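Undergrad: Structure: run-v3.csv, CSV, C-alpha atoms.
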chain,number,residue,atom,x,y,z
A,1,MET,CA,-41.9,65.6,50.8
A,2,ASN,CA,-38.9,67.4,49.4
A,3,SER,CA,-39.0,69.1,46.0
A,4,LYS,CA,-37.1,66.3,44.2
A,5,LEU,CA,-39.7,63.7,45.3
A,6,ARG,CA,-42.5,66.0,44.1
A,7,PHE,CA,-40.8,66.4,40.8
A,8,GLY,CA,-40.4,62.6,40.5
A,9,SER,CA,-44.2,62.3,41.1
A,10,LEU,CA,-44.9,64.8,38.4
A,11,VAL,CA,-42.7,62.8,36.0
A,12,LEU,CA,-44.5,59.6,36.9
A,13,VAL,CA,-48.0,61.2,36.4
A,14,SER,CA,-46.9,62.8,33.1
A,15,ALA,CA,-45.6,59.4,31.9
A,16,LEU,CA,-48.8,57.8,32.9
A,17,MET,CA,-50.9,60.3,30.9
A,18,LEU,CA,-48.7,60.0,27.9
A,19,GLY,CA,-48.9,56.2,28.0
A,20,ILE,CA,-52.6,56.4,27.9
A,21,ALA,CA,-52.8,59.3,25.4
A,22,VAL,CA,-50.6,57.9,22.6
A,23,PRO,CA,-52.5,54.6,22.0
A,24,LEU,CA,-55.8,56.5,22.4
A,25,ALA,CA,-54.7,59.1,19.7
A,26,MET,CA,-53.7,56.3,17.4
A,27,ALA,CA,-57.0,54.5,17.9
A,28,GLN,CA,-58.8,57.7,17.2
A,29,ASP,CA,-56.7,58.3,14.0
A,30,ASN,CA,-57.6,54.8,12.8
A,31,ALA,CA,-61.3,55.3,13.5
A,32,SER,CA,-61.4,58.7,11.7
A,33,GLN,CA,-59.6,57.1,8.7
A,34,ASP,CA,-62.2,54.4,8.6
A,35,GLN,CA,-64.9,57.0,8.7
A,36,GLU,CA,-63.3,59.0,5.9
A,37,LYS,CA,-63.2,56.0,3.5
A,38,PRO,CA,-66.9,55.7,2.8
A,39,GLN,CA,-67.0,59.5,2.3
A,40,LYS,CA,-64.3,59.4,-0.2
A,41,GLU,CA,-66.0,56.6,-2.1
A,42,GLU,CA,-69.2,58.6,-2.2
A,43,LYS,CA,-67.5,61.4,-4.1
A,44,PRO,CA,-68.2,61.3,-7.9
A,45,LYS,CA,-65.2,60.0,-9.8
A,46,LYS,CA,-63.4,62.7,-11.6
A,47,LYS,CA,-62.9,62.2,-15.3
A,48,LYS,CA,-59.3,61.5,-16.0
A,49,GLY,CA,-57.6,64.0,-18.3
A,50,GLY,CA,-54.5,63.6,-20.4
A,51,PHE,CA,-53.8,60.4,-22.2
A,52,PHE,CA,-56.9,58.4,-21.3
A,53,GLY,CA,-59.1,61.5,-21.1
A,54,GLY,CA,-62.4,61.0,-22.9
A,55,LEU,CA,-62.1,57.2,-23.3
A,56,LYS,CA,-65.6,55.7,-23.3
A,57,ALA,CA,-66.7,52.1,-23.6
A,58,ILE,CA,-68.7,51.8,-26.7
A,59,SER,CA,-71.8,49.8,-26.3
A,60,GLY,CA,-75.2,49.5,-27.9
A,61,SER,CA,-76.1,49.9,-31.6
A,62,SER,CA,-73.8,51.3,-34.2
A,63,SER,CA,-75.8,54.5,-34.5
A,64,GLU,CA,-75.3,55.0,-30.7
A,65,GLN,CA,-71.6,54.4,-31.3
A,66,GLN,CA,-71.4,57.3,-33.7
A,67,GLU,CA,-72.5,60.0,-31.3
A,68,VAL,CA,-71.6,60.3,-27.7
A,69,THR,CA,-72.6,63.2,-25.5
A,70,THR,CA,-70.0,64.4,-23.1
A,71,THR,CA,-70.0,67.3,-20.7
A,72,ALA,CA,-68.2,69.3,-23.3
A,73,GLY,CA,-71.1,68.8,-25.7
A,74,SER,CA,-71.7,66.4,-28.6
A,75,LYS,CA,-68.8,64.8,-30.3
A,76,THR,CA,-68.2,62.0,-32.8
A,77,VAL,CA,-66.5,59.0,-31.5
A,78,GLY,CA,-63.0,59.0,-32.9
A,79,GLU,CA,-61.7,56.3,-35.2
A,80,GLY,CA,-58.9,55.7,-32.7
A,81,GLU,CA,-61.4,55.2,-30.0
A,82,GLU,CA,-63.4,52.7,-32.0
A,83,ILE,CA,-60.2,50.8,-32.9
A,84,GLY,CA,-59.2,51.0,-29.2
A,85,ASN,CA,-62.4,49.4,-28.2
A,86,ALA,CA,-62.0,46.5,-30.6
A,87,LYS,CA,-61.8,43.1,-28.9
A,88,PRO,CA,-59.1,41.0,-30.7
A,89,THR,CA,-60.0,37.4,-31.3
A,90,ALA,CA,-57.7,34.5,-31.1
A,91,ALA,CA,-57.3,34.7,-34.8
A,92,ASP,CA,-56.3,38.4,-34.5
A,93,ARG,CA,-53.7,37.5,-32.0
A,94,GLN,CA,-52.5,34.7,-34.2
A,95,ALA,CA,-52.2,37.3,-37.0
A,96,VAL,CA,-49.9,39.4,-34.7
A,97,ASN,CA,-47.8,36.3,-34.1
A,98,GLY,CA,-47.6,35.7,-37.8
A,99,MET,CA,-46.5,39.3,-38.4
A,100,GLU,CA,-43.7,38.7,-35.8
A,101,LYS,CA,-42.6,35.4,-37.3
A,102,TYR,CA,-42.7,36.7,-40.8
A,103,SER,CA,-39.2,36.6,-42.1
A,104,ILE,CA,-37.4,37.2,-45.3
A,105,SER,CA,-34.2,35.3,-46.0
A,106,GLN,CA,-31.1,37.5,-45.9
A,107,ASP,CA,-30.2,36.3,-49.4
A,108,ASP,CA,-33.6,37.4,-50.8
A,109,LEU,CA,-33.3,40.8,-49.1
A,110,ALA,CA,-29.7,41.2,-50.4
A,111,LYS,CA,-30.9,40.4,-53.9
A,112,PHE,CA,-33.8,42.8,-53.6
A,113,GLN,CA,-31.5,45.6,-52.4
A,114,GLU,CA,-29.0,44.9,-55.1
A,115,GLU,CA,-31.6,45.0,-57.8
A,116,GLY,CA,-32.8,48.3,-56.5
A,117,GLN,CA,-29.3,49.7,-56.1
A,118,LEU,CA,-30.0,50.1,-52.4
A,119,LYS,CA,-27.7,49.8,-49.5
A,120,ARG,CA,-27.4,46.8,-47.3
P,1,MET,CA,-34.7,56.9,59.9
P,2,GLN,CA,-33.4,55.2,56.8
P,3,PRO,CA,-36.1,55.3,53.9
P,4,ILE,CA,-37.3,51.8,52.7
P,5,VAL,CA,-36.5,52.8,49.1
P,6,SER,CA,-33.6,55.1,48.3
P,7,ARG,CA,-34.1,58.2,46.2
P,8,ARG,CA,-32.1,56.6,43.4
P,9,GLY,CA,-34.4,53.6,43.6
P,10,ILE,CA,-37.5,55.9,43.3
P,11,TRP,CA,-36.0,57.6,40.2
P,12,MET,CA,-35.2,54.2,38.6
P,13,LEU,CA,-38.6,52.9,39.3
P,14,GLY,CA,-40.1,56.1,37.8
P,15,ALA,CA,-38.1,55.8,34.7
P,16,LEU,CA,-39.0,52.2,34.2
P,17,THR,CA,-42.7,52.8,34.7
P,18,ALA,CA,-42.5,55.8,32.3
P,19,LEU,CA,-40.8,53.6,29.7
P,20,ALA,CA,-43.4,50.8,30.2
P,21,LEU,CA,-46.3,53.3,29.9
P,22,LEU,CA,-44.8,55.2,27.0
P,23,SER,CA,-44.2,52.2,24.8
P,24,PRO,CA,-47.4,51.5,22.9
P,25,PRO,CA,-49.2,48.2,23.1
P,26,ALA,CA,-48.3,45.4,20.7
P,27,ASP,CA,-51.3,46.0,18.4
P,28,VAL,CA,-50.2,49.6,17.9
P,29,HIS,CA,-46.7,48.3,17.1
P,30,ALA,CA,-48.3,46.1,14.4
P,31,GLN,CA,-50.2,49.0,13.0
P,32,ILE,CA,-47.1,51.2,12.8
P,33,PHE,CA,-45.3,48.3,11.1
P,34,ASP,CA,-48.2,47.7,8.7
P,35,ARG,CA,-48.3,51.4,7.7
P,36,LEU,CA,-44.5,51.5,7.1
P,37,LYS,CA,-44.8,48.4,5.0
P,38,ARG,CA,-47.7,49.8,2.9
P,39,ALA,CA,-45.8,53.1,2.5
P,40,THR,CA,-42.7,51.3,1.3
P,41,LYS,CA,-44.8,49.2,-1.2
P,42,LYS,CA,-46.5,52.3,-2.5
P,43,ALA,CA,-43.1,54.1,-3.0
P,44,GLU,CA,-41.8,51.0,-4.9
P,45,GLU,CA,-44.9,51.0,-7.1
P,46,VAL,CA,-44.6,54.8,-7.9
P,47,GLN,CA,-40.9,54.3,-8.6
P,48,LYS,CA,-41.7,51.4,-11.0
P,49,LYS,CA,-44.2,53.5,-12.8
P,50,LEU,CA,-41.6,56.2,-13.4
P,51,GLU,CA,-39.0,53.9,-14.7
P,52,PRO,CA,-38.5,53.5,-18.4
P,53,MET,CA,-40.4,50.6,-19.9
P,54,SER,CA,-38.3,47.5,-20.6
P,55,VAL,CA,-38.2,46.3,-24.2
P,56,GLU,CA,-40.3,43.3,-23.3
P,57,GLU,CA,-42.9,45.5,-21.7
P,58,GLU,CA,-42.9,47.8,-24.8
P,59,ARG,CA,-43.3,44.8,-27.0
P,60,GLU,CA,-46.3,43.5,-25.0
P,61,VAL,CA,-48.0,46.9,-25.3
P,62,GLY,CA,-47.2,47.1,-29.0
P,63,ARG,CA,-48.6,43.6,-29.5
P,64,GLU,CA,-51.9,44.6,-27.9
P,65,VAL,CA,-52.1,47.8,-30.1
P,66,ALA,CA,-51.3,45.6,-33.2
P,67,ALA,CA,-54.0,43.1,-32.2
P,68,LYS,CA,-56.6,45.9,-31.9
P,69,LEU,CA,-55.6,47.4,-35.3
P,70,ILE,CA,-55.9,44.0,-36.9
P,71,ALA,CA,-59.2,43.3,-35.2
P,72,ALA,CA,-60.7,46.5,-36.4
P,73,LEU,CA,-59.2,47.0,-39.8
P,74,HIS,CA,-58.1,43.4,-40.8
P,75,LEU,CA,-54.9,42.5,-42.6
P,76,TYR,CA,-54.7,42.7,-46.3
P,77,LYS,CA,-53.9,39.1,-47.0
P,78,ASP,CA,-51.8,39.2,-50.1
P,79,GLU,CA,-48.5,37.3,-49.8
P,80,ALA,CA,-46.7,39.2,-52.6
P,81,LEU,CA,-47.6,42.6,-51.3
P,82,THR,CA,-46.8,41.7,-47.7
P,83,ARG,CA,-43.5,40.4,-48.8
P,84,TYR,CA,-42.7,43.5,-50.8
P,85,VAL,CA,-43.7,45.9,-48.0
P,86,ASN,CA,-41.5,43.8,-45.6
P,87,MET,CA,-38.6,44.1,-48.0
P,88,VAL,CA,-38.9,47.8,-48.3
P,89,GLY,CA,-39.5,48.2,-44.6
P,90,ALA,CA,-36.6,46.0,-43.6
P,91,THR,CA,-34.3,48.1,-45.9
P,92,VAL,CA,-35.2,51.4,-44.3
P,93,ALA,CA,-35.4,50.0,-40.7
P,94,ALA,CA,-31.8,48.6,-41.1
P,95,GLN,CA,-30.7,52.3,-41.2
P,96,SER,CA,-32.5,53.2,-37.9
P,97,GLU,CA,-30.3,53.9,-34.9
P,98,ARG,CA,-32.6,51.8,-32.8
P,99,GLN,CA,-31.7,48.1,-33.3
P,100,ASP,CA,-32.7,46.7,-29.9
P,101,ILE,CA,-36.1,45.7,-31.3
P,102,GLN,CA,-37.2,43.9,-34.4
P,103,TYR,CA,-39.4,45.8,-36.9
P,104,HIS,CA,-42.5,44.1,-38.3
P,105,PHE,CA,-44.5,45.3,-41.3
P,106,ALA,CA,-48.0,44.6,-42.5
P,107,VAL,CA,-50.7,45.9,-44.8
P,108,LEU,CA,-54.1,46.7,-43.5
P,109,ASP,CA,-57.2,46.1,-45.6
P,110,SER,CA,-58.4,49.7,-45.6
P,111,ASP,CA,-58.9,52.2,-48.5
P,112,ASP,CA,-58.1,55.1,-46.1
P,113,ILE,CA,-54.7,56.6,-46.5
P,114,ASN,CA,-53.0,55.8,-43.3
P,115,ALA,CA,-49.9,54.4,-41.7
P,116,PHE,CA,-49.4,53.5,-38.0
P,117,SER,CA,-46.7,52.4,-35.8
P,118,ALA,CA,-46.9,50.9,-32.3
P,119,PRO,CA,-44.2,50.6,-29.6
P,120,GLY,CA,-42.1,47.4,-30.0
P,121,GLY,CA,-41.6,47.7,-33.7
P,122,TYR,CA,-45.0,47.2,-35.3
P,123,VAL,CA,-45.6,49.1,-38.5
P,124,PHE,CA,-48.8,49.1,-40.5
P,125,ILE,CA,-49.7,50.8,-43.8
P,126,THR,CA,-53.2,50.7,-45.4
P,127,LYS,CA,-53.6,49.4,-48.9
P,128,GLY,CA,-55.0,52.9,-49.6
P,129,ALA,CA,-51.7,54.5,-48.7
P,130,VAL,CA,-49.7,51.9,-50.7
P,131,ALA,CA,-52.0,52.6,-53.7
P,132,LEU,CA,-51.4,56.4,-53.4
P,133,CYS,CA,-47.6,55.9,-53.8
P,134,GLU,CA,-46.3,56.1,-57.3
P,135,ASP,CA,-42.9,54.5,-56.7
P,136,GLU,CA,-40.9,52.6,-54.1
P,137,SER,CA,-39.1,55.7,-52.8
P,138,GLU,CA,-42.4,57.1,-51.6
P,139,LEU,CA,-43.4,53.8,-49.9
P,140,GLY,CA,-39.9,53.7,-48.3
P,141,GLY,CA,-40.4,57.3,-47.1
P,142,VAL,CA,-43.7,56.5,-45.4
P,143,LEU,CA,-42.4,53.4,-43.8
P,144,ALA,CA,-39.2,55.2,-42.7
P,145,HIS,CA,-41.4,57.9,-41.1
P,146,GLU,CA,-43.2,55.2,-39.0
P,147,VAL,CA,-39.9,53.6,-38.1
P,148,GLY,CA,-38.8,57.1,-37.0
P,149,HIS,CA,-41.6,57.2,-34.5
P,150,ILE,CA,-40.5,53.9,-33.0
P,151,ALA,CA,-36.8,54.8,-33.0
P,152,GLY,CA,-37.7,58.2,-31.4
P,153,LYS,CA,-39.8,56.4,-28.8
P,154,HIS,CA,-42.5,59.1,-29.3
P,155,VAL,CA,-45.4,57.0,-28.0
P,156,LEU,CA,-43.3,55.3,-25.4
P,157,LYS,CA,-42.2,58.6,-23.9
P,158,ILE,CA,-45.8,59.7,-23.5
P,159,VAL,CA,-46.6,56.5,-21.7
P,160,GLU,CA,-43.5,56.8,-19.5
P,161,ARG,CA,-44.2,60.5,-18.7
P,162,ASP,CA,-47.7,59.8,-17.4
P,163,LYS,CA,-47.5,57.5,-14.4
P,164,THR,CA,-51.3,57.2,-14.3
P,165,LEU,CA,-51.1,55.2,-17.5
P,166,ARG,CA,-49.2,52.5,-15.8
P,167,VAL,CA,-51.6,51.9,-13.0
P,168,GLY,CA,-52.0,48.1,-12.7
P,169,MET,CA,-48.7,47.3,-14.5
P,170,GLU,CA,-47.3,45.8,-11.3
P,171,GLU,CA,-50.1,43.2,-11.1
P,172,SER,CA,-48.9,39.7,-11.9
P,173,LYS,CA,-51.2,39.3,-14.9
P,174,ALA,CA,-50.7,42.8,-16.3
P,175,GLN,CA,-48.5,41.6,-19.2
P,176,MET,CA,-50.9,38.8,-20.3
P,177,PRO,CA,-52.5,39.5,-23.7
P,178,GLY,CA,-55.9,41.1,-23.3
P,179,SER,CA,-55.3,42.1,-19.6
P,180,ASP,CA,-57.0,45.1,-18.3
P,181,TYR,CA,-53.7,47.0,-18.1
P,182,LEU,CA,-52.8,46.2,-21.7
P,183,ASN,CA,-56.3,46.9,-22.9
P,184,LYS,CA,-56.4,50.3,-21.3
P,185,MET,CA,-52.9,51.2,-22.3
P,186,SER,CA,-53.5,50.2,-26.0
P,187,GLN,CA,-56.8,52.1,-26.1
P,188,GLY,CA,-55.0,55.2,-24.9
P,189,ILE,CA,-52.3,54.8,-27.5
P,190,LEU,CA,-54.7,54.4,-30.3
P,191,VAL,CA,-56.8,57.4,-29.2
P,192,LYS,CA,-53.5,59.4,-29.0
P,193,ILE,CA,-52.1,58.5,-32.4
P,194,ILE,CA,-55.3,58.5,-34.4
P,195,ASP,CA,-57.7,60.9,-32.7
P,196,GLN,CA,-55.5,63.4,-30.9
P,197,GLY,CA,-52.3,63.1,-32.8
P,198,LEU,CA,-48.7,63.2,-31.4
P,199,ALA,CA,-47.0,66.5,-30.7
P,200,PRO,CA,-46.0,68.4,-33.9
P,201,GLY,CA,-42.4,68.2,-32.7
P,202,ASP,CA,-42.6,64.4,-32.7
P,203,GLU,CA,-44.0,64.4,-36.3
P,204,TYR,CA,-41.2,66.7,-37.5
P,205,ASP,CA,-38.7,64.4,-35.7
P,206,ALA,CA,-40.2,61.3,-37.4
P,207,ASP,CA,-40.0,63.1,-40.7
P,208,GLN,CA,-36.3,64.0,-40.2
P,209,ARG,CA,-35.5,60.5,-39.0
P,210,GLY,CA,-37.4,58.9,-41.9
P,211,LEU,CA,-35.7,61.2,-44.4
P,212,LYS,CA,-32.3,60.1,-43.0
P,213,TYR,CA,-33.2,56.3,-43.0
P,214,ALA,CA,-34.6,56.4,-46.5
P,215,HIS,CA,-31.7,58.3,-47.9
P,216,ALA,CA,-29.2,56.1,-46.1
P,217,ALA,CA,-30.9,53.1,-47.6
P,218,GLY,CA,-30.3,54.4,-51.0
P,219,TYR,CA,-33.7,55.9,-51.9
P,220,PRO,CA,-34.1,59.5,-53.2
P,221,ALA,CA,-34.6,61.8,-50.3
P,222,THR,CA,-37.7,63.3,-51.8
P,223,GLY,CA,-39.9,60.2,-51.4
P,224,LEU,CA,-41.8,61.2,-48.2
P,225,SER,CA,-42.4,64.8,-49.3
P,226,ARG,CA,-43.8,63.7,-52.7
P,227,PHE,CA,-46.1,61.3,-50.9
P,228,LEU,CA,-47.2,64.1,-48.5
P,229,THR,CA,-48.1,66.4,-51.4
P,230,LYS,CA,-50.2,63.7,-52.9
P,231,LEU,CA,-51.9,62.9,-49.6
P,232,ASP,CA,-52.8,66.6,-49.2
P,233,GLN,CA,-54.4,66.6,-52.6
P,234,ALA,CA,-56.2,63.3,-52.1
P,235,THR,CA,-57.7,64.4,-48.8
P,236,GLN,CA,-58.9,67.7,-50.4
P,237,GLN,CA,-60.7,65.5,-52.9
P,238,GLY,CA,-62.4,63.4,-50.2
P,239,GLY,CA,-59.8,60.9,-49.4
P,240,LYS,CA,-59.8,59.8,-45.8
P,241,SER,CA,-56.7,60.0,-43.6
P,242,PHE,CA,-56.0,60.9,-40.0
P,243,TRP,CA,-52.6,62.1,-41.1
P,244,THR,CA,-53.9,65.4,-42.5
P,245,ARG,CA,-56.3,65.8,-39.5
P,246,THR,CA,-53.8,65.2,-36.7
P,247,HIS,CA,-50.4,65.9,-38.2
P,248,PRO,CA,-48.8,69.3,-38.8
P,249,PRO,CA,-49.7,70.9,-42.2
P,250,VAL,CA,-48.0,69.3,-45.2
P,251,SER,CA,-46.7,72.6,-46.4
P,252,GLU,CA,-44.8,73.1,-43.2
P,253,ARG,CA,-43.5,69.5,-43.1
P,254,ASN,CA,-42.3,69.7,-46.7
P,255,VAL,CA,-40.5,73.0,-46.1
P,256,ARG,CA,-38.6,71.4,-43.2
P,257,LEU,CA,-37.9,68.3,-45.3
P,258,GLU,CA,-36.6,70.4,-48.2
P,259,LYS,CA,-34.5,72.4,-45.9
P,260,ALA,CA,-32.9,69.3,-44.5
P,261,ILE,CA,-32.3,67.9,-48.0
P,262,THR,CA,-30.6,71.1,-49.0
P,263,ALA,CA,-28.5,71.3,-45.8
P,264,GLU,CA,-27.3,67.7,-46.2
P,265,HIS,CA,-26.8,68.0,-50.0
P,266,TRP,CA,-29.1,65.0,-50.5
P,267,GLU,CA,-30.6,66.2,-53.8
P,268,ASP,CA,-29.3,63.1,-55.7
P,269,ALA,CA,-31.1,63.1,-59.0
P,270,ASP,CA,-29.4,59.9,-60.1
P,271,ARG,CA,-31.0,57.7,-57.5
P,272,PRO,CA,-33.7,55.5,-58.9
P,273,ASN,CA,-37.3,55.9,-57.7
P,274,LEU,CA,-38.0,52.3,-58.5
P,275,ALA,CA,-41.3,53.1,-60.1
P,276,ASP,CA,-41.4,50.1,-62.3
P,277,ARG,CA,-40.6,47.6,-59.5
P,278,PHE,CA,-43.3,49.3,-57.4
P,279,ALA,CA,-45.9,49.0,-60.2
P,280,ALA,CA,-45.1,45.4,-60.7
P,281,GLN,CA,-45.3,44.5,-57.0
P,282,THR,CA,-48.5,46.5,-56.3
P,283,GLN,CA,-50.4,45.6,-59.4
P,284,MET,CA,-53.1,43.8,-57.3
P,285,LEU,CA,-54.1,47.2,-56.0
P,286,LYS,CA,-54.7,48.8,-59.3
P,287,PRO,CA,-58.4,49.0,-60.4
P,288,LYS,CA,-59.3,46.3,-62.8
P,289,ALA,CA,-60.3,47.5,-66.3
Taking this structure as input, can you express it in the form of structure tokens?
TA:
Amino acid sequence: MNSKLRFGSLVLVSALMLGIAVPLAMAQDNASQDQEKPQKEEKPKKKKGGFFGGLKAISGSSSEQQEVTTTAGSKTVGEGEEIGNAKPTAADRQAVNGMEKYSISQDDLAKFQEEGQLKR
Amino acid sequence: MQPIVSRRGIWMLGALTALALLSPPADVHAQIFDRLKRATKKAEEVQKKLEPMSVEEEREVGREVAAKLIAALHLYKDEALTRYVNMVGATVAAQSERQDIQYHFAVLDSDDINAFSAPGGYVFITKGAVALCEDESELGGVLAHEVGHIAGKHVLKIVERDKTLRVGMEESKAQMPGSDYLNKMSQGILVKIIDQGLAPGDEYDADQRGLKYAHAAGYPATGLSRFLTKLDQATQQGGKSFWTRTHPPVSERNVRLEKAITAEHWEDADRPNLADRFAAQTQMLKPKA
């Protein structure tokens, strides 16, 4: 065999190996990702900082609601947090609609502003 | 002897075999396509979370915050007072540079001295805060400060800056009242405005905006600073307010307000405080003899 034919054989063998290696590597990659998933799930969830940091669902008695122990120590549940945990009823949502629909006639507003020497 | 296959033929056959072997099988193609699709979707979601909120989205968030405030503190159901607060509120809000939303005003049935604003134009004042005012210019000053927060998009910017807040917003039911997304978002906003407080810069900005709106509406410019002084005194005597707990010190706020009034020459002594009208419109809040 001359050298060109030997080189051709080498190319063929290399291609054969690559053709087998690429799908195998991808299959292994998928398998390792699948294995990683449960490991990730096992990790304890980190407490989110920033805007939602420290948000806790309030449950139990009202005395329990007043004091919540966190990793940073004992702290009183904030008023904002209590309001944030409120569950609006249909009537509360209706009240929001009422607030949106509340309107003052332009004539009444103009009269009000005029009486108070205010600007329109 | 002539070879059965020419050298060129061998090369062609080799190249074709290599191509056939190098190209991954169909299921691998599908995996690659699937990954690309997921990456594109993820990129689109991240992009959406970084985009400014639409006015409609802002309104839905504000509506949920308003519903929670009403659920927890309840509206003060007095038609005359609601009407009066809406009149004063509409007068100062008309001077706001932000007119792409409607402003809504309501009184909360709480003796604490507080005022709140939520994205989308929702402004609340407690009856305790109304009762602390001595004239209409003070009420106008407080409402104008809250309108200033909405016009300055102070809460909205916090929400927009933190893309983790908007997790779930792309879900089809995210904008439905009471959805997980709106519930979580409104909880975060309430904790921020009531427990943690906005950045001092945002409070000073709302003061300056409020000062401008109230003065442009025709009220004396000193309404807000007079209210703040009384609020400071009231909380020292046991009055409850998150304003003094989370906002910058009243002394510093008043210094800045006075500086702006002087700089703008807004010391108009002839403007009416409208104390008599205020007293007549809020007489239901006065303790009965």
Undergrad: CA of Leu108 (chain P) and CA of Ile70 (chain P), how far apart in Å?
TA: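 Straight-line distance from CA of Ile70 (chain P) to CA of Leu108 (chain P) works out to 7.4 Å.
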Undergrad: Take CA of Lys259 (chain P) and CA of Asp232 (chain P) and report the distance between them in Å, one decimal.
TA: 19.5 Å
Undergrad: Please identify every residue of chain P that has at least one atom no farther than 7 Å from an atom of chain A, counting all atoms listed in the file, and for each give the shortest atom pair and the distance in Å to one decimal, arranged by chain then increasing number, as CSV.
TA:
residue,atom,partner,partner_atom,distance
P:Trp11,CA,A:Gly8,CA,6.7
P:Gly14,CA,A:Leu12,CA,5.7
P:Ala18,CA,A:Ala15,CA,4.8
P:Leu21,CA,A:Gly19,CA,4.3
P:Leu22,CA,A:Gly19,CA,4.3
P:Ser23,CA,A:Gly19,CA,7.0
P:Pro24,CA,A:Pro23,CA,6.0
P:Val28,CA,A:Pro23,CA,6.9
P:Arg63,CA,A:Val96,CA,6.8
P:Ala66,CA,A:Val96,CA,6.5
P:Ala67,CA,A:Arg93,CA,5.6
P:Lys68,CA,A:Ala86,CA,5.6
P:Leu69,CA,A:Ile83,CA,6.2
P:Ile70,CA,A:Asp92,CA,6.1
P:Ala71,CA,A:Pro88,CA,5.1
P:Ala72,CA,A:Ile83,CA,5.6
P:Met87,CA,A:Leu109,CA,6.3
P:His104,CA,A:Glu100,CA,6.1
P:Phe105,CA,A:Met99,CA,7.0
P:Ala106,CA,A:Met99,CA,6.9
P:Ser186,CA,A:Gly84,CA,6.6
P:Gln187,CA,A:Gly84,CA,4.1
P:Gly188,CA,A:Phe52,CA,5.2
P:Leu190,CA,A:Gly80,CA,5.0
P:Val191,CA,A:Gly80,CA,4.4
P:Lys192,CA,A:Phe51,CA,6.9
P:Ile194,CA,A:Gly80,CA,4.9
P:Asp195,CA,A:Gly80,CA,5.3
P:Ala217,CA,A:Lys119,CA,5.0
P:Gly218,CA,A:Leu118,CA,4.5
P:Tyr219,CA,A:Leu118,CA,6.9
P:Leu274,CA,A:Gly116,CA,6.9
Undergrad: Which distance in Å separates CA of His265 (chain P) and CA of Leu211 (chain P), to one decimal?
TA: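 One can read the CA of His265 (chain P) to CA of Leu211 (chain P) distance as 12.5 Å.
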Undergrad: So that I can see what lies close to Glu258 (chain P), please list as a list of chain:residue names the residues with an atom at most 12 Å from it, counting only C-alpha atoms and leaving out residues fewer than 6 positions away in the same chain.
TA: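 In the requested form, the answer reads P:Asp207, P:Gln208, P:Leu211, P:Ala221, P:Thr222, P:Gly223, P:Leu224, P:Ser225, P:Arg226, P:Val250, P:Ser251, P:Glu252, P:Glu264, P:His265, P:Trp266, P:Glu267.
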Undergrad: I'd like the contact shell of Asp135 (chain P) - 8 Å cut-off, all atoms listed in the file, skipping same-chain residues fewer than 2 positions apart - returned as an MDAnalysis selection string.
TA: chainID P and resid 133 137:139 273:279
Undergrad: Which protein, DNA or RNA residues have an atom at most 12 Å from (-46.8, 58.2, -42.5), counting only C-alpha atoms? List them as a ChimeraX atom specification.
TA: /P:113-117,123-126,129-130,132-133,138-149,193-194,203-204,206-207,210-211,223-228,231,241-244,246-248,250,253
Undergrad: Go through P:Gly201, P:Gly89, P:Gly62, P:Gly9 one by one, measure the shortest atom-to-atom distance of each to Glu136 (chain P) using all atoms listed in the file, and give the residue with the smallest value.
TA: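 Ranking P:Gly201, P:Gly89, P:Gly62, P:Gly9 by distance to Glu136 (chain P), first place goes to P:Gly89.
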Undergrad: Between P:Ala280, P:Val155, P:Asp205, P:Asp268, single out the one closest to Met53 (chain P), counting all atoms listed in the file.
TA: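 Checking each candidate against Met53 (chain P), we get P:Val155 as the closest.
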